[in-house]
file query_33.cif (mmCIF, C-alpha atoms)
data_upload
loop_
_atom_site.group_PDB
_atom_site.id
_atom_site.type_symbol
_atom_site.label_atom_id
_atom_site.label_comp_id
_atom_site.auth_asym_id
_atom_site.auth_seq_id
_atom_site.Cartn_x
_atom_site.Cartn_y
_atom_site.Cartn_z
ATOM 1 C CA LEU H 160 -77.523 47.782 110.267
ATOM 2 C CA ASN H 161 -75.057 50.167 111.932
ATOM 3 C CA GLU H 162 -72.938 47.498 113.644
ATOM 4 C CA PRO H 163 -69.387 47.345 112.188
ATOM 5 C CA TYR H 164 -68.955 44.508 109.732
ATOM 6 C CA ARG H 165 -66.061 42.197 110.566
ATOM 7 C CA GLY H 166 -67.170 39.130 108.673
ATOM 8 C CA ARG H 167 -64.821 37.062 106.573
ATOM 9 C CA ILE H 168 -67.332 35.656 104.134
ATOM 10 C CA ALA H 169 -66.053 35.681 100.560
ATOM 11 C CA LEU H 170 -68.337 38.145 98.735
ATOM 12 C CA ALA H 171 -68.035 39.426 95.174
ATOM 13 C CA ILE H 172 -68.126 43.063 96.290
ATOM 14 C CA PRO H 173 -65.464 45.782 96.647
ATOM 15 C CA GLN H 174 -63.316 45.894 99.755
ATOM 16 C CA PHE H 175 -64.699 48.372 102.284
ATOM 17 C CA GLN H 176 -64.643 49.411 105.917
ATOM 18 C CA GLY H 177 -68.152 49.933 107.155
ATOM 19 C CA CYS H 178 -71.228 48.401 108.703
ATOM 20 C CA HIS H 179 -73.706 45.671 107.828
ATOM 21 C CA ALA H 180 -75.769 48.180 105.862
ATOM 22 C CA ASP H 181 -72.813 48.567 103.494
ATOM 23 C CA VAL H 182 -72.737 44.809 102.910
ATOM 24 C CA LEU H 183 -76.409 44.840 102.020
ATOM 25 C CA THR H 184 -76.014 47.924 99.822
ATOM 26 C CA LEU H 185 -73.053 46.584 97.846
ATOM 27 C CA VAL H 186 -74.637 43.162 97.340
ATOM 28 C CA LEU H 187 -77.940 44.656 96.179
ATOM 29 C CA HIS H 188 -76.085 47.062 93.909
ATOM 30 C CA LYS H 189 -74.390 44.153 92.186
ATOM 31 C CA VAL H 190 -77.683 42.304 91.603
ATOM 32 C CA ILE H 191 -79.564 45.435 90.496
ATOM 33 C CA SER H 192 -76.792 46.470 88.096
ATOM 34 C CA GLU H 193 -76.971 43.082 86.422
ATOM 35 C CA SER H 194 -80.793 43.246 86.269
ATOM 36 C CA ILE H 195 -81.223 46.758 84.827
ATOM 37 C CA PRO H 196 -80.277 45.857 81.221
ATOM 38 C CA LYS H 197 -82.794 42.987 81.221
ATOM 39 C CA LYS H 198 -86.367 44.145 80.727
ATOM 40 C CA GLN H 199 -87.749 40.901 82.175
ATOM 41 C CA SER H 200 -85.977 41.697 85.480
ATOM 42 C CA ASP H 201 -87.646 45.089 86.055
ATOM 43 C CA ALA H 202 -89.817 43.708 88.863
ATOM 44 C CA LEU H 203 -86.777 42.234 90.642
ATOM 45 C CA ALA H 204 -84.847 45.506 90.399
ATOM 46 C CA GLU H 205 -87.829 47.445 91.735
ATOM 47 C CA MET H 206 -88.224 45.169 94.762
ATOM 48 C CA LEU H 207 -84.514 45.357 95.626
ATOM 49 C CA LEU H 208 -84.557 49.144 95.308
ATOM 50 C CA THR H 209 -87.476 49.116 97.739
ATOM 51 C CA VAL H 210 -85.217 47.381 100.270
ATOM 52 C CA LEU H 211 -82.594 50.125 99.940
ATOM 53 C CA CYS H 212 -85.295 52.744 100.364
ATOM 54 C CA ASN H 213 -86.627 51.044 103.502
ATOM 55 C CA ILE H 214 -83.273 50.930 105.334
ATOM 56 C CA SER H 215 -82.043 54.400 104.304
ATOM 57 C CA PRO H 216 -83.585 56.435 107.182
ATOM 58 C CA TYR H 217 -81.747 54.302 109.764
ATOM 59 C CA VAL H 218 -78.198 54.104 108.332
ATOM 60 C CA LYS H 219 -76.006 56.536 110.256
ATOM 61 C CA CYS H 220 -72.973 56.386 107.976
ATOM 62 C CA PHE H 221 -72.470 54.772 104.588
ATOM 63 C CA ALA H 222 -68.984 53.752 103.498
ATOM 64 C CA VAL H 223 -67.327 55.557 100.603
ATOM 65 C CA GLU H 224 -67.811 52.556 98.309
ATOM 66 C CA SER H 225 -71.520 52.420 99.086
ATOM 67 C CA CYS H 226 -71.967 56.134 98.372
ATOM 68 C CA LEU H 227 -70.305 55.856 94.975
ATOM 69 C CA LYS H 228 -72.296 52.768 94.033
ATOM 70 C CA LEU H 229 -75.626 54.278 95.080
ATOM 71 C CA LEU H 230 -75.098 57.472 93.095
ATOM 72 C CA SER H 231 -73.896 55.559 90.046
ATOM 73 C CA LEU H 232 -77.055 53.463 90.290
ATOM 74 C CA LEU H 233 -79.197 56.587 90.468
ATOM 75 C CA GLU H 234 -77.437 58.000 87.419
ATOM 76 C CA ARG H 235 -78.197 54.852 85.425
ATOM 77 C CA CYS H 236 -81.859 54.810 86.445
ATOM 78 C CA SER H 237 -82.266 58.487 85.524
ATOM 79 C CA ARG H 238 -81.302 57.975 81.884
ATOM 80 C CA PRO H 239 -84.179 58.534 79.431
ATOM 81 C CA ALA H 240 -83.581 55.130 77.830
ATOM 82 C CA TYR H 241 -84.443 53.487 81.165
ATOM 83 C CA ILE H 242 -87.238 55.814 82.272
ATOM 84 C CA PHE H 243 -89.154 55.543 78.990
ATOM 85 C CA ARG H 244 -88.618 51.795 78.573
ATOM 86 C CA SER H 245 -91.949 50.866 80.176
ATOM 87 C CA PRO H 246 -94.743 52.509 82.191
ATOM 88 C CA PHE H 247 -93.262 51.193 85.458
ATOM 89 C CA THR H 248 -89.467 51.581 85.329
ATOM 90 C CA HIS H 249 -89.672 55.073 86.844
ATOM 91 C CA HIS H 250 -90.710 53.420 90.133
ATOM 92 C CA GLY H 251 -87.097 52.412 90.761
ATOM 93 C CA LEU H 252 -85.954 55.991 90.218
ATOM 94 C CA MET H 253 -88.569 57.194 92.709
ATOM 95 C CA PHE H 254 -87.256 54.770 95.339
ATOM 96 C CA LEU H 255 -83.667 55.929 94.808
ATOM 97 C CA LEU H 256 -84.649 59.589 95.129
ATOM 98 C CA GLU H 257 -86.640 58.826 98.267
ATOM 99 C CA MET H 258 -83.606 56.994 99.643
ATOM 100 C CA VAL H 259 -81.457 60.107 99.113
ATOM 101 C CA ASN H 260 -84.148 62.266 100.711
ATOM 102 C CA ASN H 261 -84.290 59.998 103.754
ATOM 103 C CA ILE H 262 -80.536 60.286 104.258
ATOM 104 C CA ILE H 263 -80.530 64.068 103.772
ATOM 105 C CA GLN H 264 -83.472 64.648 106.089
ATOM 106 C CA TYR H 265 -82.741 62.137 108.852
ATOM 107 C CA GLN H 266 -79.041 61.156 108.667
ATOM 108 C CA PHE H 267 -77.320 64.259 107.276
ATOM 109 C CA GLU H 268 -74.746 64.576 110.060
ATOM 110 C CA GLY H 269 -73.024 61.222 109.540
ATOM 111 C CA ASN H 270 -73.333 60.941 105.763
ATOM 112 C CA ALA H 271 -71.149 63.790 104.566
ATOM 113 C CA MET H 272 -69.588 61.526 101.946
ATOM 114 C CA LEU H 273 -72.966 60.712 100.411
ATOM 115 C CA VAL H 274 -73.902 64.412 100.423
ATOM 116 C CA TYR H 275 -70.645 65.126 98.592
ATOM 117 C CA SER H 276 -71.503 62.406 96.058
ATOM 118 C CA VAL H 277 -74.914 64.012 95.539
ATOM 119 C CA LEU H 278 -73.253 67.372 94.863
ATOM 120 C CA ARG H 279 -70.951 65.758 92.306
ATOM 121 C CA GLN H 280 -74.016 64.374 90.488
ATOM 122 C CA ARG H 281 -76.010 67.616 90.671
ATOM 123 C CA ASP H 282 -76.387 67.780 86.884
ATOM 124 C CA CYS H 283 -78.325 64.515 87.034
ATOM 125 C CA PHE H 284 -80.930 66.024 89.379
ATOM 126 C CA HIS H 285 -81.267 69.181 87.298
ATOM 127 C CA GLN H 286 -81.861 67.064 84.202
ATOM 128 C CA LEU H 287 -84.594 65.137 86.004
ATOM 129 C CA SER H 288 -86.342 68.355 87.008
ATOM 130 C CA GLY H 289 -86.429 69.411 83.339
ATOM 131 C CA LEU H 290 -87.130 65.962 81.882
ATOM 132 C CA THR H 291 -88.848 66.006 78.472
ATOM 133 C CA LEU H 292 -89.950 63.405 75.973
ATOM 134 C CA PRO H 293 -87.203 62.365 73.550
ATOM 135 C CA SER H 294 -87.730 63.573 69.982
ATOM 136 C CA ASN H 295 -87.750 60.022 68.577
ATOM 137 C CA LEU H 296 -90.771 59.188 70.763
ATOM 138 C CA LEU H 297 -92.984 62.045 69.625
ATOM 139 C CA GLN H 298 -93.980 60.449 66.296
ATOM 140 C CA PRO H 299 -94.174 56.664 66.760
ATOM 141 C CA VAL H 300 -94.834 54.336 63.858
ATOM 142 C CA VAL H 301 -98.002 52.323 64.513
ATOM 143 C CA GLY H 302 -97.469 48.569 64.531
ATOM 144 C CA SER H 303 -93.695 48.747 64.394
ATOM 145 C CA HIS H 304 -90.847 49.000 66.823
ATOM 146 C CA MET H 305 -88.869 52.127 67.470
ATOM 147 C CA PRO H 306 -85.990 52.618 65.032
ATOM 148 C CA SER H 307 -82.656 51.604 66.429
ATOM 149 C CA GLU H 308 -79.439 53.492 65.940
ATOM 150 C CA ALA H 309 -77.476 50.506 64.633
ATOM 151 C CA PRO H 310 -78.765 48.181 61.863
ATOM 152 C CA THR H 311 -79.576 44.619 62.821
ATOM 153 C CA GLU H 312 -77.701 41.590 61.557
ATOM 154 C CA GLN H 313 -80.628 40.590 59.328
ATOM 155 C CA GLU H 314 -80.664 44.023 57.672
ATOM 156 C CA ASP H 315 -76.928 43.852 57.106
ATOM 157 C CA HIS H 316 -77.246 40.378 55.588
ATOM 158 C CA THR H 317 -80.055 41.493 53.248
ATOM 159 C CA ALA H 318 -78.089 44.532 52.151
ATOM 160 C CA GLU H 319 -75.051 42.381 51.400
ATOM 161 C CA GLU H 320 -77.129 39.941 49.291
ATOM 162 C CA SER H 321 -78.699 42.752 47.242
ATOM 163 C CA ALA H 322 -75.265 44.295 46.670
ATOM 164 C CA GLN H 323 -73.886 40.942 45.503
ATOM 165 C CA GLN H 324 -76.794 40.474 43.077
ATOM 166 C CA GLN H 325 -76.208 43.904 41.602
ATOM 167 C CA ASP H 326 -72.514 43.142 41.131
ATOM 168 C CA GLN H 327 -73.340 39.860 39.385
ATOM 169 C CA GLN H 328 -75.782 41.583 37.037
ATOM 170 C CA GLN H 329 -73.214 44.211 36.145
ATOM 171 C CA GLN H 330 -70.643 41.521 35.391
ATOM 172 C CA GLN H 331 -72.987 39.611 33.059
ATOM 173 C CA GLY H 332 -72.875 40.359 29.353
ATOM 174 C CA PRO H 333 -75.840 41.672 27.302
ATOM 175 C CA ARG H 334 -76.636 38.194 25.902
ATOM 176 C CA GLU H 335 -76.744 36.609 29.366
ATOM 177 C CA GLN H 336 -79.017 39.369 30.626
ATOM 178 C CA GLU H 337 -81.429 38.833 27.723
ATOM 179 C CA GLN H 338 -81.535 35.089 28.384
ATOM 180 C CA HIS H 339 -82.164 35.700 32.071
ATOM 181 C CA GLN H 340 -84.979 38.137 31.266
ATOM 182 C CA ALA H 341 -86.619 35.675 28.852
ATOM 183 C CA ALA H 342 -86.506 32.915 31.461
ATOM 184 C CA GLU H 343 -88.170 35.193 34.018
ATOM 185 C CA GLU H 344 -90.967 36.115 31.549
ATOM 186 C CA SER H 345 -91.697 32.456 30.782
ATOM 187 C CA ALA H 346 -91.834 31.663 34.495
ATOM 188 C CA GLN H 347 -94.288 34.514 35.024
ATOM 189 C CA ASP H 348 -96.512 33.175 32.208
ATOM 190 C CA ARG H 349 -96.585 29.730 33.795
ATOM 191 C CA ASP H 350 -97.501 31.206 37.177
ATOM 192 C CA HIS H 351 -100.331 33.202 35.558
ATOM 193 C CA ASP H 352 -101.757 30.070 33.882
ATOM 194 C CA ASN H 353 -101.634 28.120 37.143
ATOM 195 C CA CYS H 354 -103.412 30.882 39.045
ATOM 196 C CA HIS H 355 -106.150 31.095 36.364
ATOM 197 C CA LYS H 356 -106.668 27.320 36.542
ATOM 198 C CA GLN H 357 -106.947 27.395 40.348
ATOM 199 C CA GLU H 358 -109.585 30.136 40.174
ATOM 200 C CA LYS H 359 -111.710 28.032 37.780
ATOM 201 C CA ASP H 360 -111.445 24.979 40.040
ATOM 202 C CA GLN H 361 -112.543 27.015 43.045
ATOM 203 C CA GLU H 362 -115.560 28.437 41.208
ATOM 204 C CA GLN H 363 -116.636 24.968 40.071
ATOM 205 C CA GLY H 364 -116.195 23.578 43.609
ATOM 206 C CA SER H 365 -118.309 26.348 45.125
ATOM 207 C CA GLU H 366 -121.146 25.657 42.652
ATOM 208 C CA ASP H 367 -121.132 21.921 43.425
ATOM 209 C CA ALA H 368 -121.018 22.347 47.204
ATOM 210 C CA PRO H 369 -124.388 22.158 49.027
ATOM 211 C CA GLU H 370 -125.733 25.254 50.703
ATOM 212 C CA THR H 371 -125.467 25.303 54.497
ATOM 213 C CA GLU H 372 -127.171 27.533 56.999
ATOM 214 C CA GLY H 373 -125.804 28.898 60.244
ATOM 215 C CA PRO H 374 -123.204 31.405 61.322
ATOM 216 C CA THR H 375 -119.798 31.279 59.753
ATOM 217 C CA ILE H 376 -116.676 31.406 61.885
ATOM 218 C CA GLU H 377 -113.906 33.651 60.633
ATOM 219 C CA MET H 378 -110.387 32.615 61.440
ATOM 220 C CA THR H 379 -108.447 35.574 62.764
ATOM 221 C CA THR H 380 -104.838 35.769 63.768
ATOM 222 C CA PRO H 381 -104.006 37.264 67.150
ATOM 223 C CA GLU H 382 -102.854 40.827 66.894
ATOM 224 C CA GLU H 383 -99.440 41.781 68.153
ATOM 225 C CA PRO H 384 -99.411 43.721 71.422
ATOM 226 C CA SER H 385 -99.344 47.425 70.767
ATOM 227 C CA LEU H 386 -96.086 49.198 71.509
ATOM 228 C CA TRP H 387 -96.318 51.420 74.600
ATOM 229 C CA VAL H 388 -95.454 55.016 73.845
ATOM 230 C CA PRO H 389 -95.104 57.581 76.662
ATOM 231 C CA THR H 390 -97.241 60.686 76.388
ATOM 232 C CA GLN H 391 -96.807 64.191 77.749
ATOM 233 C CA ALA H 392 -99.642 63.640 80.221
ATOM 234 C CA TRP H 393 -97.926 60.486 81.525
ATOM 235 C CA LEU H 394 -94.607 62.332 81.862
ATOM 236 C CA ASP H 395 -96.242 65.225 83.737
ATOM 237 C CA GLY H 396 -97.726 62.742 86.202
ATOM 238 C CA VAL H 397 -94.345 61.048 86.703
ATOM 239 C CA LYS H 398 -92.522 64.342 87.302
ATOM 240 C CA LYS H 399 -95.045 65.261 89.991
ATOM 241 C CA LYS H 400 -94.231 62.012 91.810
ATOM 242 C CA LEU H 401 -90.439 62.411 91.712
ATOM 243 C CA PRO H 402 -89.309 63.652 95.164
ATOM 244 C CA LEU H 403 -86.781 66.224 93.985
ATOM 245 C CA GLN H 404 -87.545 69.163 96.269
ATOM 246 C CA ALA H 405 -85.160 68.320 99.132
ATOM 247 C CA VAL H 406 -82.332 67.194 96.832
ATOM 248 C CA LEU H 407 -82.521 70.306 94.659
ATOM 249 C CA CYS H 408 -82.667 72.486 97.760
ATOM 250 C CA LEU H 409 -79.472 70.860 99.049
ATOM 251 C CA VAL H 410 -77.713 71.152 95.691
ATOM 252 C CA ASN H 411 -78.697 74.784 95.132
ATOM 253 C CA HIS H 412 -77.651 75.778 98.659
ATOM 254 C CA LEU H 413 -74.378 73.895 99.140
ATOM 255 C CA GLY H 414 -73.174 73.693 95.541
ATOM 256 C CA PRO H 415 -72.290 77.381 95.001
ATOM 257 C CA ARG H 416 -70.764 77.695 98.486
ATOM 258 C CA ILE H 417 -68.463 74.721 98.038
ATOM 259 C CA GLU H 418 -67.390 75.955 94.594
ATOM 260 C CA ALA H 419 -66.585 79.388 96.071
ATOM 261 C CA ILE H 420 -64.535 77.816 98.876
ATOM 262 C CA ALA H 421 -62.665 75.618 96.407
ATOM 263 C CA ARG H 422 -61.726 78.633 94.251
ATOM 264 C CA LYS H 423 -60.790 80.803 97.225
ATOM 265 C CA HIS H 424 -58.578 78.278 99.018
ATOM 266 C CA ASP H 425 -57.440 76.350 95.941
ATOM 267 C CA VAL H 426 -58.972 73.114 97.202
ATOM 268 C CA THR H 427 -58.059 70.086 95.069
ATOM 269 C CA GLY H 428 -59.012 67.144 97.325
ATOM 270 C CA HIS H 429 -62.361 66.092 98.699
ATOM 271 C CA ASP H 430 -61.229 65.871 102.326
ATOM 272 C CA GLU H 431 -61.625 69.612 102.937
ATOM 273 C CA VAL H 432 -64.982 69.637 101.180
ATOM 274 C CA ILE H 433 -66.271 66.793 103.338
ATOM 275 C CA LYS H 434 -64.960 68.596 106.426
ATOM 276 C CA TYR H 435 -66.940 71.684 105.413
ATOM 277 C CA ILE H 436 -70.093 69.600 104.852
ATOM 278 C CA ARG H 437 -69.784 68.067 108.327
ATOM 279 C CA GLN H 438 -69.585 71.540 109.851
ATOM 280 C CA THR H 439 -72.611 72.735 107.891
ATOM 281 C CA THR H 440 -76.206 72.462 109.030
ATOM 282 C CA MET H 441 -79.224 72.373 106.754
ATOM 283 C CA VAL H 442 -81.730 73.214 109.486
ATOM 284 C CA GLY H 443 -84.092 75.854 108.165
ATOM 285 C CA ILE H 444 -82.870 75.294 104.593
ATOM 286 C CA LEU H 445 -84.416 71.935 103.760
ATOM 287 C CA PRO H 446 -88.192 71.525 103.662
ATOM 288 C CA VAL H 447 -90.060 69.939 106.559
ATOM 289 C CA PRO H 448 -88.990 66.282 106.855
ATOM 290 C CA HIS H 449 -91.398 63.929 105.193
ATOM 291 C CA PRO H 450 -92.831 60.970 107.111
ATOM 292 C CA ILE H 451 -90.847 57.748 106.824
ATOM 293 C CA SER H 452 -92.546 55.161 104.621
ATOM 294 C CA ILE H 453 -91.777 51.456 104.972
ATOM 295 C CA ARG H 454 -93.024 49.321 102.089
ATOM 296 C CA THR H 455 -93.793 45.625 102.330
ATOM 297 C CA TYR H 456 -93.833 42.974 99.636
ATOM 298 C CA GLN H 457 -97.177 41.964 98.157
ATOM 299 C CA ALA H 458 -97.444 39.171 95.634
ATOM 300 C CA SER H 459 -99.016 40.180 92.323
ATOM 301 C CA SER H 460 -98.802 39.407 88.626
ATOM 302 C CA TYR H 461 -96.133 42.100 88.278
ATOM 303 C CA THR H 462 -93.904 40.770 91.057
ATOM 304 C CA ALA H 463 -94.300 37.112 89.980
ATOM 305 C CA MET H 464 -91.026 36.032 88.367
#
call {"tool": "encode", "arguments": {"input": "query_33.cif", "output": "C-alpha cells"}}
result
Amino acid sequence: LNEPYRGRIALAIPQFQGCHADVLTLVLHKVISESIPKKQSDALAEMLLTVLCNISPYVKCFAVESCLKLLSLLERCSRPAYIFRSPFTHHGLMFLLEMVNNIIQYQFEGNAMLVYSVLRQRDCFHQLSGLTLPSNLLQPVVGSHMPSEAPTEQEDHTAEESAQQQDQQQQQGPREQEQHQAAEESAQDRDHDNCHKQEKDQEQGSEDAPETEGPTIEMTTPEEPSLWVPTQAWLDGVKKKLPLQAVLCLVNHLGPRIEAIARKHDVTGHDEVIKYIRQTTMVGILPVPHPISIRTYQASSYTAM
C-alpha cells in the first residue's frame, strides 16, 4: 500500500503523486460516487467503503487528491437525505468515520494533509453530533410516498389539461354550455339504467345458481410494501454507533489554535497550517486508541447484487 506508484496504466482518476493506496482510494471514490445516487447500489457502496476502512490504519501518507476526495465523500454520506434514505445507509457513514479515526489514531504523523481536510470540514462533524429527524419525516402519510419538492411530470401534465379545459369552457357561449350540460345529463341517465339492469341480472343469476358448500376463497390483492420511516429511537441508536469522539476531540483542540495562528500571523495559504500540524502532537489529547477492526465479506441477501 505504501510503495510509490509509478504505473502508467490509463485510469480515469485525477493526476497525483502518491502510493498504491492512493490508486485504490481514487478508483473506489469514483465507483462509490457513481453508486451513491442509486438506491439499488447501496450494498455495493457499503462494501467498497469497508475496503477503505480496512486499509486506513496502514496508510502512512495519503496524497492531497485522496484527502480531498475522501472528505468530500464523507460530506455526501453525512447529508440527511442519504442517512434517512433507508435503515442501512448509515453503515457507510460509520465506515468513513472509522476510517478517519484510524488515520488520526495510528497514522497522524504522516497525514497532516488529511487532518487539515478534517479541520476544514469541521462543521460536518458538528452537524452529525447534533443530528435530528427532519421536520418532513415527523408526520408521514400512511400508504403514500414522501412529498417531493418539485412536481412530477404527470402532475404537470394533469394541471395543464385541467387549465386547458377551463379555458375552453370560458370561451364557449351560453348556448354551447347548455347543450354540453344536456348531453352530460342524458349520458348519466343511460349509465343509471344500465347499472340498474345489471343489478337485476345478478340477482336473478344468484337465485338460479345451485347452493354449494365449503369454504370460499377471497381474492385479495397484494399490499404495497410499507414506506420505512425513521423514528427517534432508531436515530438515537445510530448516533450511539457513530464514532465521533476522536474526530470531535481533534477538531475542538486544533481548530481554535490554528484559527488563532492564522489571525496572528496573517496566514493565507495552507502550507504553514500543515507545517504547524506536523509539529503538533495529539498524545494525551485524543482518547485511548481503539482496536483495529478488519471486516471480511460474507455473502447474504443484502450483499447479493
call {"tool": "closest_residue", "arguments": {"input": "query_33.cif", "among": "H:Leu229, H:Gln280, H:Ala202, H:Arg238", "to": "Gln457 in chain H", "atoms": "all atoms listed in the file"}}
result
H:Ala202
call {"tool": "residues_near_point", "arguments": {"input": "query_33.cif", "point": "(-84.3, 70.7, 106.8)", "cutoff": "10 Å", "atoms": "all atoms listed in the file", "output": "PyMOL selection string"}}
result
chain H and resi 263-265+267+405+408-409+440-449
call {"tool": "write_last_selection", "arguments": {"input": "query_33.cif", "atoms": "C-alpha atoms", "output": "mmCIF file, keeping the file's coordinate frame"}}
result
data_model
loop_
_atom_site.group_PDB
_atom_site.id
_atom_site.type_symbol
_atom_site.label_atom_id
_atom_site.label_comp_id
_atom_site.auth_asym_id
_atom_site.auth_seq_id
_atom_site.Cartn_x
_atom_site.Cartn_y
_atom_site.Cartn_z
ATOM 1 C CA ILE H 263 -80.530 64.068 103.772
ATOM 2 C CA GLN H 264 -83.472 64.648 106.089
ATOM 3 C CA TYR H 265 -82.741 62.137 108.852
ATOM 4 C CA PHE H 267 -77.320 64.259 107.276
ATOM 5 C CA ALA H 405 -85.160 68.320 99.132
ATOM 6 C CA CYS H 408 -82.667 72.486 97.760
ATOM 7 C CA LEU H 409 -79.472 70.860 99.049
ATOM 8 C CA THR H 440 -76.206 72.462 109.030
ATOM 9 C CA MET H 441 -79.224 72.373 106.754
ATOM 10 C CA VAL H 442 -81.730 73.214 109.486
ATOM 11 C CA GLY H 443 -84.092 75.854 108.165
ATOM 12 C CA ILE H 444 -82.870 75.294 104.593
ATOM 13 C CA LEU H 445 -84.416 71.935 103.760
ATOM 14 C CA PRO H 446 -88.192 71.525 103.662
ATOM 15 C CA VAL H 447 -90.060 69.939 106.559
ATOM 16 C CA PRO H 448 -88.990 66.282 106.855
ATOM 17 C CA HIS H 449 -91.398 63.929 105.193
#
call {"tool": "residues_around", "arguments": {"input": "query_33.cif", "residues": "Tyr275 in chain H", "least_positions_apart": "6", "cutoff": "8 Å", "atoms": "all atoms listed in the file", "output": "ChimeraX atom specification"}}
result
/H:432-433,436
call {"tool": "closest_residue", "arguments": {"input": "query_33.cif", "among": "H:Glu162, H:Asp430, H:Glu257, H:Asp282", "to": "Pro216 in chain H", "atoms": "all atoms listed in the file"}}
result
H:Glu257
call {"tool": "residues_around", "arguments": {"input": "query_33.cif", "residues": "Val182 in chain H", "least_positions_apart": "3", "cutoff": "12 Å", "atoms": "all atoms listed in the file", "output": "number ranges by chain"}}
result
H: 160-179, 185-189, 211, 221-222, 224-225, 228
call {"tool": "residues_around", "arguments": {"input": "query_33.cif", "residues": "Leu278 in chain H", "least_positions_apart": "6", "cutoff": "8 Å", "atoms": "all atoms listed in the file", "output": "PyMOL selection string"}}
result
chain H and resi 410+413-414
call {"tool": "write_last_selection", "arguments": {"input": "query_33.cif", "atoms": "C-alpha atoms", "output": "PDB file, in the frame of the given file"}}
result
ATOM      1  CA  VAL H 410     -77.713  71.152  95.691  1.00  0.00           C
ATOM      2  CA  LEU H 413     -74.378  73.895  99.140  1.00  0.00           C
ATOM      3  CA  GLY H 414     -73.174  73.693  95.541  1.00  0.00           C
TER       4      GLY H 414
END
call {"tool": "closest_residue", "arguments": {"input": "query_33.cif", "among": "H:Ala240, H:Phe254, H:Val277, H:Val388", "to": "Ser452 in chain H", "atoms": "all atoms listed in the file"}}
result
H:Phe254
call {"tool": "atom_distance", "arguments": {"input": "query_33.cif", "atom1": "CA of Leu227 in chain H", "atom2": "CA of Ser276 in chain H"}}
result
6.7 Å
call {"tool": "atom_distance", "arguments": {"input": "query_33.cif", "atom1": "CA of Arg437 in chain H", "atom2": "CA of Val223 in chain H"}}
result
14.9 Å
call {"tool": "closest_residue", "arguments": {"input": "query_33.cif", "among": "H:Cys212, H:Met258, H:Thr184, H:Gly289", "to": "Val397 in chain H", "atoms": "all atoms listed in the file"}}
result
H:Gly289
call {"tool": "axis_aligned_box", "arguments": {"input": "query_33.cif", "around": "range 383-402 of chain H", "padding_each_side": "3 Å", "output": "AutoDock Vina command-line options"}}
result
--center_x -94.5 --center_y 53.5 --center_z 81.7 --size_x 16.3 --size_y 29.5 --size_z 33.0
call {"tool": "closest_residue", "arguments": {"input": "query_33.cif", "among": "H:Leu292, H:Leu256, H:Val218, H:Ala180", "to": "Leu230 in chain H", "atoms": "only C-alpha atoms"}}
result
H:Leu256
call {"tool": "resolve_selection", "arguments": {"input": "query_33.cif", "expression": "the PyMOL selection byres ((chain H and resi 403) around 10)", "output": "ChimeraX atom specification"}}
result
/H:253,256-257,259-260,284-285,287-288,398-402,404-408
call {"tool": "atom_distance", "arguments": {"input": "query_33.cif", "atom1": "CA of Gly251 in chain H", "atom2": "CA of Arg281 in chain H"}}
result
18.8 Å
call {"tool": "closest_residue", "arguments": {"input": "query_33.cif", "among": "H:Asn270, H:Ile417, H:Cys226, H:Leu232", "to": "Val190 in chain H", "atoms": "only C-alpha atoms"}}
result
H:Leu232
call {"tool": "residues_around", "arguments": {"input": "query_33.cif", "residues": "range 391-393 of chain H", "least_positions_apart": "5", "cutoff": "12 Å", "atoms": "only C-alpha atoms", "output": "MDAnalysis selection string"}}
result
chainID H and resid 242:243 245:247 249 290:294 296:297 398:400
call {"tool": "build_atoms", "arguments": {"input": "query_33.cif", "residues": "range 450-461 of chain H", "atoms": "N, CA and C atoms", "output": "mmCIF file, keeping the file's coordinate frame"}}
result
data_model
loop_
_atom_site.group_PDB
_atom_site.id
_atom_site.type_symbol
_atom_site.label_atom_id
_atom_site.label_comp_id
_atom_site.auth_asym_id
_atom_site.auth_seq_id
_atom_site.Cartn_x
_atom_site.Cartn_y
_atom_site.Cartn_z
ATOM 1 N N PRO H 450 -92.697 62.177 106.278
ATOM 2 C CA PRO H 450 -92.831 60.970 107.111
ATOM 3 C C PRO H 450 -92.127 59.782 106.487
ATOM 4 N N ILE H 451 -91.554 58.936 107.307
ATOM 5 C CA ILE H 451 -90.847 57.748 106.824
ATOM 6 C C ILE H 451 -91.864 56.705 106.380
ATOM 7 N N SER H 452 -91.654 56.180 105.183
ATOM 8 C CA SER H 452 -92.546 55.161 104.621
ATOM 9 C C SER H 452 -91.784 53.845 104.507
ATOM 10 N N ILE H 453 -92.347 52.802 105.062
ATOM 11 C CA ILE H 453 -91.777 51.456 104.972
ATOM 12 C C ILE H 453 -92.719 50.614 104.121
ATOM 13 N N ARG H 454 -92.205 50.095 103.038
ATOM 14 C CA ARG H 454 -93.024 49.321 102.089
ATOM 15 C C ARG H 454 -92.796 47.827 102.324
ATOM 16 N N THR H 455 -93.852 47.079 102.174
ATOM 17 C CA THR H 455 -93.793 45.625 102.330
ATOM 18 C C THR H 455 -94.083 44.961 100.999
ATOM 19 N N TYR H 456 -93.650 43.733 100.881
ATOM 20 C CA TYR H 456 -93.833 42.974 99.636
ATOM 21 C C TYR H 456 -95.254 42.403 99.573
ATOM 22 N N GLN H 457 -95.876 42.542 98.410
ATOM 23 C CA GLN H 457 -97.177 41.964 98.157
ATOM 24 C C GLN H 457 -97.120 41.234 96.818
ATOM 25 N N ALA H 458 -97.485 39.979 96.864
ATOM 26 C CA ALA H 458 -97.444 39.171 95.634
ATOM 27 C C ALA H 458 -98.499 39.664 94.648
ATOM 28 N N SER H 459 -98.109 39.762 93.390
ATOM 29 C CA SER H 459 -99.016 40.180 92.323
ATOM 30 C C SER H 459 -98.493 39.617 91.011
ATOM 31 N N SER H 460 -99.246 39.870 89.948
ATOM 32 C CA SER H 460 -98.802 39.407 88.626
ATOM 33 C C SER H 460 -97.540 40.111 88.190
ATOM 34 N N TYR H 461 -97.328 41.352 88.657
ATOM 35 C CA TYR H 461 -96.133 42.100 88.278
ATOM 36 C C TYR H 461 -94.906 41.587 89.000
#
